[in-house]
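Asks: There's a structure below that I have some questions on.
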Amino acid sequence: QAIALVDIVNKFNWTYVSTIASEGSYGESGIDVFQREAEKRNICIAIAEKVPSNADPRKFMEVVKNLLKKPNAKAVVLFTRAEDARGILKAAQTLLKEQGMAGQKFYWLASDGWGKQSQVVKAIEDFAVGAITVELESKKISGFDDYLKRLTPEKNERNFWFRDYWEDLFDCDVDQQSYETRRQVNNFQPFEDNQARRKFCNPKQRLTDLPSFEQ
(Lines give C-alpha, C1' and ligand atoms only; values in the text may rest on other atoms or scores of the structure.)
Protein backbone atom coordinates (compact mmCIF):
# COMPACT_ATOMS: atom_id res chain seq x y z
CA GLN A 1 0.00 0.00 0.00
CA ALA A 2 2.97 2.33 0.41
CA ILE A 3 3.68 1.98 -3.31
CA ALA A 4 -0.02 2.54 -4.05
CA LEU A 5 0.19 5.83 -2.15
CA VAL A 6 3.23 6.86 -4.20
CA ASP A 7 1.28 5.99 -7.36
CA ILE A 8 -1.52 8.31 -6.22
CA VAL A 9 0.90 11.15 -5.48
CA ASN A 10 2.48 10.63 -8.90
CA LYS A 11 -0.94 10.58 -10.58
CA PHE A 12 -1.71 14.06 -9.24
CA ASN A 13 1.76 15.30 -10.25
CA TRP A 14 2.60 16.26 -6.67
CA THR A 15 6.34 16.54 -6.23
CA TYR A 16 6.46 18.04 -2.73
CA VAL A 17 4.60 16.28 0.10
CA SER A 18 4.76 15.84 3.85
CA THR A 19 4.50 12.56 5.72
CA ILE A 20 3.24 11.48 9.13
CA ALA A 21 3.91 8.07 10.66
CA SER A 22 2.78 6.47 13.89
CA GLU A 23 5.62 5.32 16.08
CA GLY A 24 6.11 1.57 15.75
CA SER A 25 6.71 -1.02 13.06
CA TYR A 26 3.45 -0.38 11.18
CA GLY A 27 3.86 3.34 10.70
CA GLU A 28 7.63 3.58 10.48
CA SER A 29 8.23 0.68 8.10
CA GLY A 30 5.32 1.76 5.90
CA ILE A 31 6.48 5.34 5.59
CA ASP A 32 10.07 4.18 4.97
CA VAL A 33 8.91 2.24 1.92
CA PHE A 34 6.90 5.25 0.76
CA GLN A 35 9.88 7.59 1.10
CA ARG A 36 12.26 5.25 -0.75
CA GLU A 37 9.80 4.81 -3.61
CA ALA A 38 9.02 8.54 -3.66
CA GLU A 39 12.71 9.36 -4.03
CA LYS A 40 12.92 7.10 -7.10
CA ARG A 41 10.15 9.17 -8.70
CA ASN A 42 11.65 12.56 -7.79
CA ILE A 43 9.02 13.28 -5.14
CA CYS A 44 10.50 15.38 -2.35
CA ILE A 45 9.54 15.09 1.30
CA ALA A 46 8.93 18.54 2.78
CA ILE A 47 8.68 17.37 6.38
CA ALA A 48 8.51 13.93 7.99
CA GLU A 49 6.67 13.78 11.30
CA LYS A 50 6.37 10.90 13.75
CA VAL A 51 3.51 10.51 16.25
CA PRO A 52 4.57 8.82 19.51
CA SER A 53 2.43 6.04 20.93
CA ASN A 54 1.39 8.21 23.88
CA ALA A 55 0.49 11.29 21.81
CA ASP A 56 -1.90 13.80 23.35
CA PRO A 57 -3.76 16.76 21.76
CA ARG A 58 -0.76 19.03 22.29
CA LYS A 59 1.48 16.69 20.30
CA PHE A 60 -1.02 16.55 17.44
CA MET A 61 -1.13 20.36 17.42
CA GLU A 62 2.67 20.46 17.30
CA VAL A 63 2.71 18.10 14.30
CA VAL A 64 0.19 20.22 12.42
CA LYS A 65 2.06 23.44 13.22
CA ASN A 66 5.15 21.87 11.65
CA LEU A 67 3.13 20.97 8.56
CA LEU A 68 2.06 24.59 8.23
CA LYS A 69 5.73 25.65 8.11
CA LYS A 70 5.81 24.10 4.64
CA PRO A 71 2.75 25.73 3.02
CA ASN A 72 3.64 24.51 -0.46
CA ALA A 73 3.34 20.88 0.64
CA LYS A 74 -0.42 20.62 0.79
CA ALA A 75 -0.49 16.86 0.27
CA VAL A 76 0.06 14.91 3.49
CA VAL A 77 0.65 11.16 3.50
CA LEU A 78 -0.37 9.34 6.68
CA PHE A 79 0.85 5.90 7.68
CA THR A 80 -0.78 5.98 11.09
CA ARG A 81 -3.07 4.21 13.48
CA ALA A 82 -6.73 5.22 13.28
CA GLU A 83 -6.62 7.18 16.55
CA ASP A 84 -3.55 9.12 15.38
CA ALA A 85 -5.19 9.97 12.06
CA ARG A 86 -8.21 11.31 13.93
CA GLY A 87 -5.99 13.29 16.30
CA ILE A 88 -4.20 14.91 13.36
CA LEU A 89 -7.45 15.79 11.60
CA LYS A 90 -8.97 17.37 14.72
CA ALA A 91 -5.80 19.33 15.46
CA ALA A 92 -5.61 20.60 11.87
CA GLN A 93 -9.25 21.66 11.93
CA THR A 94 -8.83 23.48 15.25
CA LEU A 95 -5.55 25.17 14.34
CA LEU A 96 -6.68 26.39 10.93
CA LYS A 97 -9.83 27.90 12.43
CA GLU A 98 -7.91 29.56 15.27
CA GLN A 99 -5.47 31.12 12.83
CA GLY A 100 -8.21 32.30 10.49
CA MET A 101 -7.07 29.86 7.83
CA ALA A 102 -10.26 27.83 7.60
CA GLY A 103 -10.12 28.14 3.82
CA GLN A 104 -6.75 26.45 3.61
CA LYS A 105 -6.87 22.80 2.72
CA PHE A 106 -4.68 19.76 3.21
CA TYR A 107 -4.95 16.87 0.80
CA TRP A 108 -4.92 13.77 2.98
CA LEU A 109 -3.65 10.45 1.64
CA ALA A 110 -3.73 7.60 4.14
CA SER A 111 -2.95 3.94 4.57
CA ASP A 112 -5.40 1.32 5.82
CA GLY A 113 -4.81 2.52 9.39
CA TRP A 114 -7.47 5.04 8.41
CA GLY A 115 -8.85 3.11 5.44
CA LYS A 116 -12.65 3.06 5.49
CA GLN A 117 -13.10 3.39 9.25
CA SER A 118 -15.89 5.88 9.75
CA GLN A 119 -14.94 6.63 13.37
CA VAL A 120 -11.79 8.41 12.16
CA VAL A 121 -13.84 11.26 10.70
CA LYS A 122 -16.89 11.15 12.97
CA ALA A 123 -18.20 14.71 13.51
CA ILE A 124 -15.39 16.14 11.35
CA GLU A 125 -16.51 14.69 8.02
CA ASP A 126 -16.57 18.09 6.30
CA PHE A 127 -12.91 18.62 7.07
CA ALA A 128 -11.93 15.22 5.66
CA VAL A 129 -13.77 15.65 2.35
CA GLY A 130 -11.49 14.73 -0.54
CA ALA A 131 -9.21 12.44 1.48
CA ILE A 132 -7.94 9.38 -0.34
CA THR A 133 -7.36 6.26 1.73
CA VAL A 134 -6.07 2.80 0.89
CA GLU A 135 -7.79 -0.37 2.03
CA LEU A 136 -6.36 -3.84 1.55
CA GLU A 137 -8.59 -6.16 -0.45
CA SER A 138 -10.18 -8.81 1.71
CA LYS A 139 -12.72 -11.53 1.13
CA LYS A 140 -15.66 -12.17 3.40
CA ILE A 141 -15.36 -15.32 5.48
CA SER A 142 -18.33 -17.60 5.01
CA GLY A 143 -20.21 -18.15 8.27
CA PHE A 144 -18.34 -15.46 10.22
CA ASP A 145 -21.36 -13.13 10.41
CA ASP A 146 -23.45 -15.99 11.78
CA TYR A 147 -20.76 -16.65 14.39
CA LEU A 148 -20.81 -13.00 15.49
CA LYS A 149 -24.60 -13.01 15.70
CA ARG A 150 -24.37 -15.82 18.26
CA LEU A 151 -21.59 -14.19 20.25
CA THR A 152 -22.56 -12.68 23.63
CA PRO A 153 -20.72 -12.12 26.94
CA GLU A 154 -22.49 -15.15 28.37
CA LYS A 155 -21.43 -17.40 25.49
CA ASN A 156 -17.85 -16.21 25.16
CA GLU A 157 -16.36 -17.10 28.54
CA ARG A 158 -13.01 -18.21 27.07
CA ASN A 159 -12.13 -14.58 26.24
CA PHE A 160 -11.61 -12.83 29.58
CA TRP A 161 -11.72 -9.35 28.03
CA PHE A 162 -14.79 -9.82 25.87
CA ARG A 163 -17.19 -8.79 28.64
CA ASP A 164 -15.39 -5.45 29.12
CA TYR A 165 -15.23 -4.94 25.37
CA TRP A 166 -18.99 -5.53 25.06
CA GLU A 167 -19.81 -3.10 27.88
CA ASP A 168 -17.61 -0.36 26.44
CA LEU A 169 -18.99 -0.90 22.96
CA PHE A 170 -22.65 -0.70 23.99
CA ASP A 171 -22.10 1.57 27.05
CA CYS A 172 -23.96 -0.74 29.39
CA ASP A 173 -23.48 -3.11 32.33
CA VAL A 174 -23.97 -6.79 31.60
CA ASP A 175 -25.25 -7.33 35.15
CA GLN A 176 -25.01 -6.13 38.75
CA GLN A 177 -21.56 -7.67 39.06
CA SER A 178 -20.24 -5.29 36.40
CA TYR A 179 -21.57 -2.30 38.32
CA GLU A 180 -19.98 -3.50 41.56
CA THR A 181 -16.67 -4.09 39.76
CA ARG A 182 -16.66 -0.52 38.49
CA ARG A 183 -17.30 0.69 42.03
CA GLN A 184 -14.30 -1.29 43.25
CA VAL A 185 -12.10 0.18 40.54
CA ASN A 186 -13.30 3.59 41.73
CA ASN A 187 -12.27 2.67 45.30
CA PHE A 188 -15.94 2.66 46.29
CA GLN A 189 -16.04 6.44 45.90
CA PRO A 190 -19.22 8.02 44.48
CA PHE A 191 -19.29 8.09 40.70
CA GLU A 192 -19.19 11.34 38.80
CA ASP A 193 -22.37 12.08 36.87
CA ASN A 194 -20.98 10.56 33.69
CA GLN A 195 -19.95 7.43 35.58
CA ALA A 196 -23.34 6.74 37.11
CA ARG A 197 -25.04 3.41 36.82
CA ARG A 198 -25.35 2.57 33.17
CA LYS A 199 -28.32 0.78 31.72
CA PHE A 200 -28.19 -2.99 31.71
CA CYS A 201 -27.23 -4.47 28.36
CA ASN A 202 -30.07 -5.58 26.16
CA PRO A 203 -29.75 -9.38 25.89
CA LYS A 204 -30.93 -9.14 22.28
CA GLN A 205 -28.04 -6.88 21.25
CA ARG A 206 -25.50 -8.32 18.83
CA LEU A 207 -22.27 -7.02 17.33
CA THR A 208 -23.82 -7.19 13.88
CA ASP A 209 -26.47 -4.65 14.97
CA LEU A 210 -23.88 -1.86 15.14
CA PRO A 211 -24.21 0.67 12.29
CA SER A 212 -20.45 0.54 11.74
CA PHE A 213 -20.32 -3.26 11.53
CA GLU A 214 -18.67 -4.61 8.43
CA GLN A 215 -16.77 -7.84 8.06
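Here's how to read the names in the C-alpha coordinates: chain A, B, ... by the order shown, residue numbers from 1 in each chain, ligand numbers from 1 in the order shown.
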Name all residues at most 6 Å from segment 19-27 of chain A (count only C-alpha atoms; drop same-chain ones fewer than 3 positions away) and give them as an MDAnalysis selection string.
Replies: chainID A and resid 30 48:53 76:80
Asks: Save the residues we just selected, all heavy atoms, as a PDB file, in the first residue's frame?
Replies:
ATOM      1  N   GLY A  30       6.142   1.359   7.035  1.00  0.00           N
ATOM      2  CA  GLY A  30       5.316   1.761   5.901  1.00  0.00           C
ATOM      3  C   GLY A  30       5.788   3.059   5.281  1.00  0.00           C
ATOM      4  O   GLY A  30       5.907   3.177   4.053  1.00  0.00           O
ATOM      5  N   ALA A  48       8.896  15.287   7.569  1.00  0.00           N
ATOM      6  CA  ALA A  48       8.512  13.928   7.988  1.00  0.00           C
ATOM      7  C   ALA A  48       8.281  13.939   9.496  1.00  0.00           C
ATOM      8  O   ALA A  48       9.209  14.142  10.271  1.00  0.00           O
ATOM      9  CB  ALA A  48       9.603  12.932   7.612  1.00  0.00           C
ATOM     10  N   GLU A  49       7.041  13.747   9.894  1.00  0.00           N
ATOM     11  CA  GLU A  49       6.670  13.785  11.301  1.00  0.00           C
ATOM     12  C   GLU A  49       6.385  12.372  11.831  1.00  0.00           C
ATOM     13  O   GLU A  49       5.932  11.494  11.081  1.00  0.00           O
ATOM     14  CB  GLU A  49       5.424  14.641  11.500  1.00  0.00           C
ATOM     15  CG  GLU A  49       5.661  16.124  11.342  1.00  0.00           C
ATOM     16  CD  GLU A  49       6.482  16.704  12.481  1.00  0.00           C
ATOM     17  OE1 GLU A  49       6.238  16.344  13.652  1.00  0.00           O
ATOM     18  OE2 GLU A  49       7.390  17.503  12.194  1.00  0.00           O
ATOM     19  N   LYS A  50       6.660  12.181  13.110  1.00  0.00           N
ATOM     20  CA  LYS A  50       6.366  10.900  13.752  1.00  0.00           C
ATOM     21  C   LYS A  50       5.491  11.155  14.981  1.00  0.00           C
ATOM     22  O   LYS A  50       5.765  12.059  15.771  1.00  0.00           O
ATOM     23  CB  LYS A  50       7.650  10.193  14.178  1.00  0.00           C
ATOM     24  CG  LYS A  50       7.430   8.796  14.760  1.00  0.00           C
ATOM     25  CD  LYS A  50       8.726   8.208  15.322  1.00  0.00           C
ATOM     26  CE  LYS A  50       9.765   8.023  14.240  1.00  0.00           C
ATOM     27  NZ  LYS A  50      10.999   7.384  14.768  1.00  0.00           N
ATOM     28  N   VAL A  51       4.433  10.362  15.113  1.00  0.00           N
ATOM     29  CA  VAL A  51       3.511  10.506  16.248  1.00  0.00           C
ATOM     30  C   VAL A  51       3.834   9.431  17.275  1.00  0.00           C
ATOM     31  O   VAL A  51       3.728   8.236  16.979  1.00  0.00           O
ATOM     32  CB  VAL A  51       2.039  10.351  15.790  1.00  0.00           C
ATOM     33  CG1 VAL A  51       1.103  10.473  16.991  1.00  0.00           C
ATOM     34  CG2 VAL A  51       1.697  11.383  14.731  1.00  0.00           C
ATOM     35  N   PRO A  52       4.252   9.814  18.491  1.00  0.00           N
ATOM     36  CA  PRO A  52       4.571   8.817  19.511  1.00  0.00           C
ATOM     37  C   PRO A  52       3.335   8.053  19.957  1.00  0.00           C
ATOM     38  O   PRO A  52       2.201   8.523  19.789  1.00  0.00           O
ATOM     39  CB  PRO A  52       5.154   9.654  20.650  1.00  0.00           C
ATOM     40  CG  PRO A  52       4.581  11.016  20.456  1.00  0.00           C
ATOM     41  CD  PRO A  52       4.446  11.191  18.967  1.00  0.00           C
ATOM     42  N   SER A  53       3.551   6.897  20.531  1.00  0.00           N
ATOM     43  CA  SER A  53       2.429   6.041  20.930  1.00  0.00           C
ATOM     44  C   SER A  53       1.576   6.664  22.023  1.00  0.00           C
ATOM     45  O   SER A  53       0.412   6.311  22.195  1.00  0.00           O
ATOM     46  CB  SER A  53       2.947   4.672  21.377  1.00  0.00           C
ATOM     47  OG  SER A  53       3.896   4.813  22.427  1.00  0.00           O
ATOM     48  N   VAL A  76      -0.513  15.532   2.287  1.00  0.00           N
ATOM     49  CA  VAL A  76       0.056  14.909   3.492  1.00  0.00           C
ATOM     50  C   VAL A  76      -0.249  13.419   3.466  1.00  0.00           C
ATOM     51  O   VAL A  76      -1.409  13.013   3.391  1.00  0.00           O
ATOM     52  CB  VAL A  76      -0.533  15.540   4.778  1.00  0.00           C
ATOM     53  CG1 VAL A  76       0.121  14.913   6.006  1.00  0.00           C
ATOM     54  CG2 VAL A  76      -0.333  17.052   4.770  1.00  0.00           C
ATOM     55  N   VAL A  77       0.792  12.616   3.528  1.00  0.00           N
ATOM     56  CA  VAL A  77       0.650  11.164   3.496  1.00  0.00           C
ATOM     57  C   VAL A  77       0.724  10.623   4.922  1.00  0.00           C
ATOM     58  O   VAL A  77       1.694  10.879   5.643  1.00  0.00           O
ATOM     59  CB  VAL A  77       1.756  10.520   2.631  1.00  0.00           C
ATOM     60  CG1 VAL A  77       1.623   8.995   2.647  1.00  0.00           C
ATOM     61  CG2 VAL A  77       1.696  11.054   1.210  1.00  0.00           C
ATOM     62  N   LEU A  78      -0.314   9.894   5.324  1.00  0.00           N
ATOM     63  CA  LEU A  78      -0.374   9.341   6.677  1.00  0.00           C
ATOM     64  C   LEU A  78      -0.224   7.822   6.647  1.00  0.00           C
ATOM     65  O   LEU A  78      -0.960   7.137   5.946  1.00  0.00           O
ATOM     66  CB  LEU A  78      -1.705   9.686   7.355  1.00  0.00           C
ATOM     67  CG  LEU A  78      -1.956  11.134   7.752  1.00  0.00           C
ATOM     68  CD1 LEU A  78      -2.443  11.939   6.557  1.00  0.00           C
ATOM     69  CD2 LEU A  78      -2.984  11.215   8.875  1.00  0.00           C
ATOM     70  N   PHE A  79       0.728   7.337   7.421  1.00  0.00           N
ATOM     71  CA  PHE A  79       0.852   5.900   7.677  1.00  0.00           C
ATOM     72  C   PHE A  79       0.712   5.782   9.190  1.00  0.00           C
ATOM     73  O   PHE A  79       1.685   5.670   9.922  1.00  0.00           O
ATOM     74  CB  PHE A  79       2.196   5.353   7.193  1.00  0.00           C
ATOM     75  CG  PHE A  79       2.059   4.127   6.342  1.00  0.00           C
ATOM     76  CD1 PHE A  79       2.230   4.189   4.970  1.00  0.00           C
ATOM     77  CD2 PHE A  79       1.743   2.909   6.919  1.00  0.00           C
ATOM     78  CE1 PHE A  79       2.097   3.063   4.179  1.00  0.00           C
ATOM     79  CE2 PHE A  79       1.606   1.776   6.141  1.00  0.00           C
ATOM     80  CZ  PHE A  79       1.786   1.845   4.762  1.00  0.00           C
ATOM     81  N   THR A  80      -0.529   5.852   9.655  1.00  0.00           N
ATOM     82  CA  THR A  80      -0.778   5.976  11.090  1.00  0.00           C
ATOM     83  C   THR A  80      -1.868   5.031  11.562  1.00  0.00           C
ATOM     84  O   THR A  80      -2.623   4.475  10.768  1.00  0.00           O
ATOM     85  CB  THR A  80      -1.235   7.407  11.440  1.00  0.00           C
ATOM     86  OG1 THR A  80      -2.473   7.668  10.775  1.00  0.00           O
ATOM     87  CG2 THR A  80      -0.200   8.441  11.026  1.00  0.00           C
TER      88      THR A  80
END
Asks: I'd like to know which residues of segment 66-200 of chain A are alpha helix (DSSP H) (by DSSP, run on the backbone); could you write them as JSON, numbers by chain?
Replies: {"A": [66, 67, 68, 82, 83, 84, 85, 86, 87, 88, 89, 90, 91, 92, 93, 94, 95, 96, 97, 98, 125, 126, 127, 128, 144, 145, 146, 147, 148, 149, 150, 162, 163, 164, 165, 166, 167, 168, 169, 170, 176, 177, 178, 179, 180, 181, 182, 183, 184, 185]}
Asks: Give the answer as one residue: which of A:Lys40, A:Ala128, A:Val120, A:Thr15 has the shortest atom-to-atom distance to Lys105 of chain A, using only C-alpha atoms?
Replies: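 The closest residue to Lys105 of chain A is A:Ala128.
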Asks: Given the choices A:Ala91, A:Ile47, A:Ala2, A:Leu148, which gets closest to Glu135 of chain A if the distance is worked out from only C-alpha atoms?
Replies: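 Going through A:Ala91, A:Ile47, A:Ala2, A:Leu148 one by one, the smallest distance to Glu135 of chain A is for A:Ala2.
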Asks: Please identify every residue of segment 96-140 of chain A that has at least one atom no farther than 12 Å from an atom of segment 61-66 of chain A, counting only C-alpha atoms, and for each give the shortest atom pair and the distance in Å to one decimal, arranged by chain then increasing number, as JSON lines.
Replies:
{"residue": "A:Leu96", "atom": "CA", "partner": "A:Val64", "partner_atom": "CA", "distance": 9.3}
{"residue": "A:Glu98", "atom": "CA", "partner": "A:Met61", "partner_atom": "CA", "distance": 11.6}
{"residue": "A:Gln99", "atom": "CA", "partner": "A:Lys65", "partner_atom": "CA", "distance": 10.8}
{"residue": "A:Phe106", "atom": "CA", "partner": "A:Val64", "partner_atom": "CA", "distance": 10.4}
Asks: Could you give me, as a PyMOL selection string, the residues within 10 Å of Lys74 of chain A, counting only C-alpha atoms and dropping anything in the same chain fewer than 2 positions from it?
Replies: chain A and resi 14+16-18+46+67-68+70-72+76-77+104-108
Asks: Excluding Val6 of chain A and any residue of its chain fewer than 3 positions from it, enumerate the residues within 9 Å of it, using only C-alpha atoms, and give them as a list in words.
Replies: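 Non-adjacent residues within range: Gln1, Ala2, Ile3, Val9, Asn10, Lys11, Phe34, Gln35, Glu37, Ala38, Arg41 and Ile43 of chain A.
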Asks: Out of A:Leu210, A:Met101, A:Ala123, A:Ala85, which residue has the shortest atom-to-atom distance to Trp166 of chain A when counting only C-alpha atoms?
Replies: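 Going through A:Leu210, A:Met101, A:Ala123, A:Ala85 one by one, the smallest distance to Trp166 of chain A is for A:Leu210.
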Asks: Pick out each residue of chain A that DSSP on the backbone tags as strand (DSSP E); I need them as a list in words.
Replies: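 In chain A, DSSP puts these residues in strand (DSSP E): Tyr16, Val17, Ser18, Thr19, Ile20, Ala21, Ser22, Cys44, Ile45, Ala46, Ile47, Ala48, Glu49, Lys50, Val51, Ala75, Val76, Val77, Leu78, Phe79, Tyr107, Trp108, Leu109, Ala110, Ile132 and Thr133 of chain A.
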Asks: List the spatial neighbours of Asp171 of chain A as an MDAnalysis selection string - criterion: any atom at most 9 Å away, only C-alpha atoms, same-chain residues fewer than 4 positions off excluded.
Replies: chainID A and resid 166:167 198:201
Asks: Put those residues in a file: all heavy atoms, as a PDB file, in the first residue's frame.
Replies:
ATOM      1  N   TRP A 166     -17.547  -5.626  25.346  1.00  0.00           N
ATOM      2  CA  TRP A 166     -18.989  -5.525  25.061  1.00  0.00           C
ATOM      3  C   TRP A 166     -19.603  -4.332  25.804  1.00  0.00           C
ATOM      4  O   TRP A 166     -20.373  -3.558  25.243  1.00  0.00           O
ATOM      5  CB  TRP A 166     -19.663  -6.826  25.482  1.00  0.00           C
ATOM      6  CG  TRP A 166     -21.106  -6.950  25.095  1.00  0.00           C
ATOM      7  CD1 TRP A 166     -22.190  -6.430  25.751  1.00  0.00           C
ATOM      8  CD2 TRP A 166     -21.640  -7.660  23.965  1.00  0.00           C
ATOM      9  NE1 TRP A 166     -23.357  -6.766  25.103  1.00  0.00           N
ATOM     10  CE2 TRP A 166     -23.047  -7.526  24.006  1.00  0.00           C
ATOM     11  CE3 TRP A 166     -21.060  -8.401  22.937  1.00  0.00           C
ATOM     12  CZ2 TRP A 166     -23.888  -8.093  23.055  1.00  0.00           C
ATOM     13  CZ3 TRP A 166     -21.890  -8.970  21.985  1.00  0.00           C
ATOM     14  CH2 TRP A 166     -23.296  -8.817  22.043  1.00  0.00           C
ATOM     15  N   GLU A 167     -19.238  -4.186  27.077  1.00  0.00           N
ATOM     16  CA  GLU A 167     -19.807  -3.104  27.885  1.00  0.00           C
ATOM     17  C   GLU A 167     -19.363  -1.734  27.391  1.00  0.00           C
ATOM     18  O   GLU A 167     -20.141  -0.779  27.384  1.00  0.00           O
ATOM     19  CB  GLU A 167     -19.434  -3.310  29.348  1.00  0.00           C
ATOM     20  CG  GLU A 167     -20.112  -4.515  29.964  1.00  0.00           C
ATOM     21  CD  GLU A 167     -19.708  -4.758  31.405  1.00  0.00           C
ATOM     22  OE1 GLU A 167     -18.591  -4.344  31.799  1.00  0.00           O
ATOM     23  OE2 GLU A 167     -20.503  -5.360  32.148  1.00  0.00           O
ATOM     24  N   ARG A 198     -24.924   2.633  34.568  1.00  0.00           N
ATOM     25  CA  ARG A 198     -25.348   2.570  33.173  1.00  0.00           C
ATOM     26  C   ARG A 198     -26.541   1.633  33.063  1.00  0.00           C
ATOM     27  O   ARG A 198     -26.824   0.856  33.968  1.00  0.00           O
ATOM     28  CB  ARG A 198     -24.197   2.048  32.305  1.00  0.00           C
ATOM     29  CG  ARG A 198     -22.971   2.925  32.347  1.00  0.00           C
ATOM     30  CD  ARG A 198     -21.854   2.389  31.472  1.00  0.00           C
ATOM     31  NE  ARG A 198     -21.328   1.127  31.959  1.00  0.00           N
ATOM     32  CZ  ARG A 198     -20.167   0.610  31.559  1.00  0.00           C
ATOM     33  NH1 ARG A 198     -19.440   1.256  30.664  1.00  0.00           N
ATOM     34  NH2 ARG A 198     -19.741  -0.542  32.024  1.00  0.00           N
ATOM     35  N   LYS A 199     -27.213   1.704  31.942  1.00  0.00           N
ATOM     36  CA  LYS A 199     -28.324   0.780  31.719  1.00  0.00           C
ATOM     37  C   LYS A 199     -27.769  -0.631  31.617  1.00  0.00           C
ATOM     38  O   LYS A 199     -26.598  -0.839  31.281  1.00  0.00           O
ATOM     39  CB  LYS A 199     -29.056   1.153  30.430  1.00  0.00           C
ATOM     40  CG  LYS A 199     -28.219   0.996  29.162  1.00  0.00           C
ATOM     41  CD  LYS A 199     -28.999   1.422  27.943  1.00  0.00           C
ATOM     42  CE  LYS A 199     -28.200   1.193  26.664  1.00  0.00           C
ATOM     43  NZ  LYS A 199     -26.975   1.984  26.582  1.00  0.00           N
ATOM     44  N   PHE A 200     -28.605  -1.612  31.917  1.00  0.00           N
ATOM     45  CA  PHE A 200     -28.193  -2.994  31.714  1.00  0.00           C
ATOM     46  C   PHE A 200     -28.241  -3.300  30.221  1.00  0.00           C
ATOM     47  O   PHE A 200     -29.092  -2.793  29.483  1.00  0.00           O
ATOM     48  CB  PHE A 200     -29.112  -3.959  32.477  1.00  0.00           C
ATOM     49  CG  PHE A 200     -28.815  -4.014  33.947  1.00  0.00           C
ATOM     50  CD1 PHE A 200     -29.797  -3.736  34.880  1.00  0.00           C
ATOM     51  CD2 PHE A 200     -27.546  -4.351  34.404  1.00  0.00           C
ATOM     52  CE1 PHE A 200     -29.528  -3.778  36.242  1.00  0.00           C
ATOM     53  CE2 PHE A 200     -27.264  -4.393  35.759  1.00  0.00           C
ATOM     54  CZ  PHE A 200     -28.260  -4.107  36.685  1.00  0.00           C
ATOM     55  N   CYS A 201     -27.305  -4.124  29.782  1.00  0.00           N
ATOM     56  CA  CYS A 201     -27.231  -4.469  28.362  1.00  0.00           C
ATOM     57  C   CYS A 201     -28.488  -5.213  27.924  1.00  0.00           C
ATOM     58  O   CYS A 201     -29.019  -6.056  28.651  1.00  0.00           O
ATOM     59  CB  CYS A 201     -26.004  -5.340  28.096  1.00  0.00           C
ATOM     60  SG  CYS A 201     -24.435  -4.558  28.536  1.00  0.00           S
TER      61      CYS A 201
END
Asks: Please determine, counting only C-alpha atoms, which residue among A:Lys69, A:Arg36, A:Lys122, A:Lys149 has the shortest atom-to-atom distance to Leu89 of chain A.
Replies: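 The shortest atom-to-atom distance to Leu89 of chain A comes from A:Lys122.
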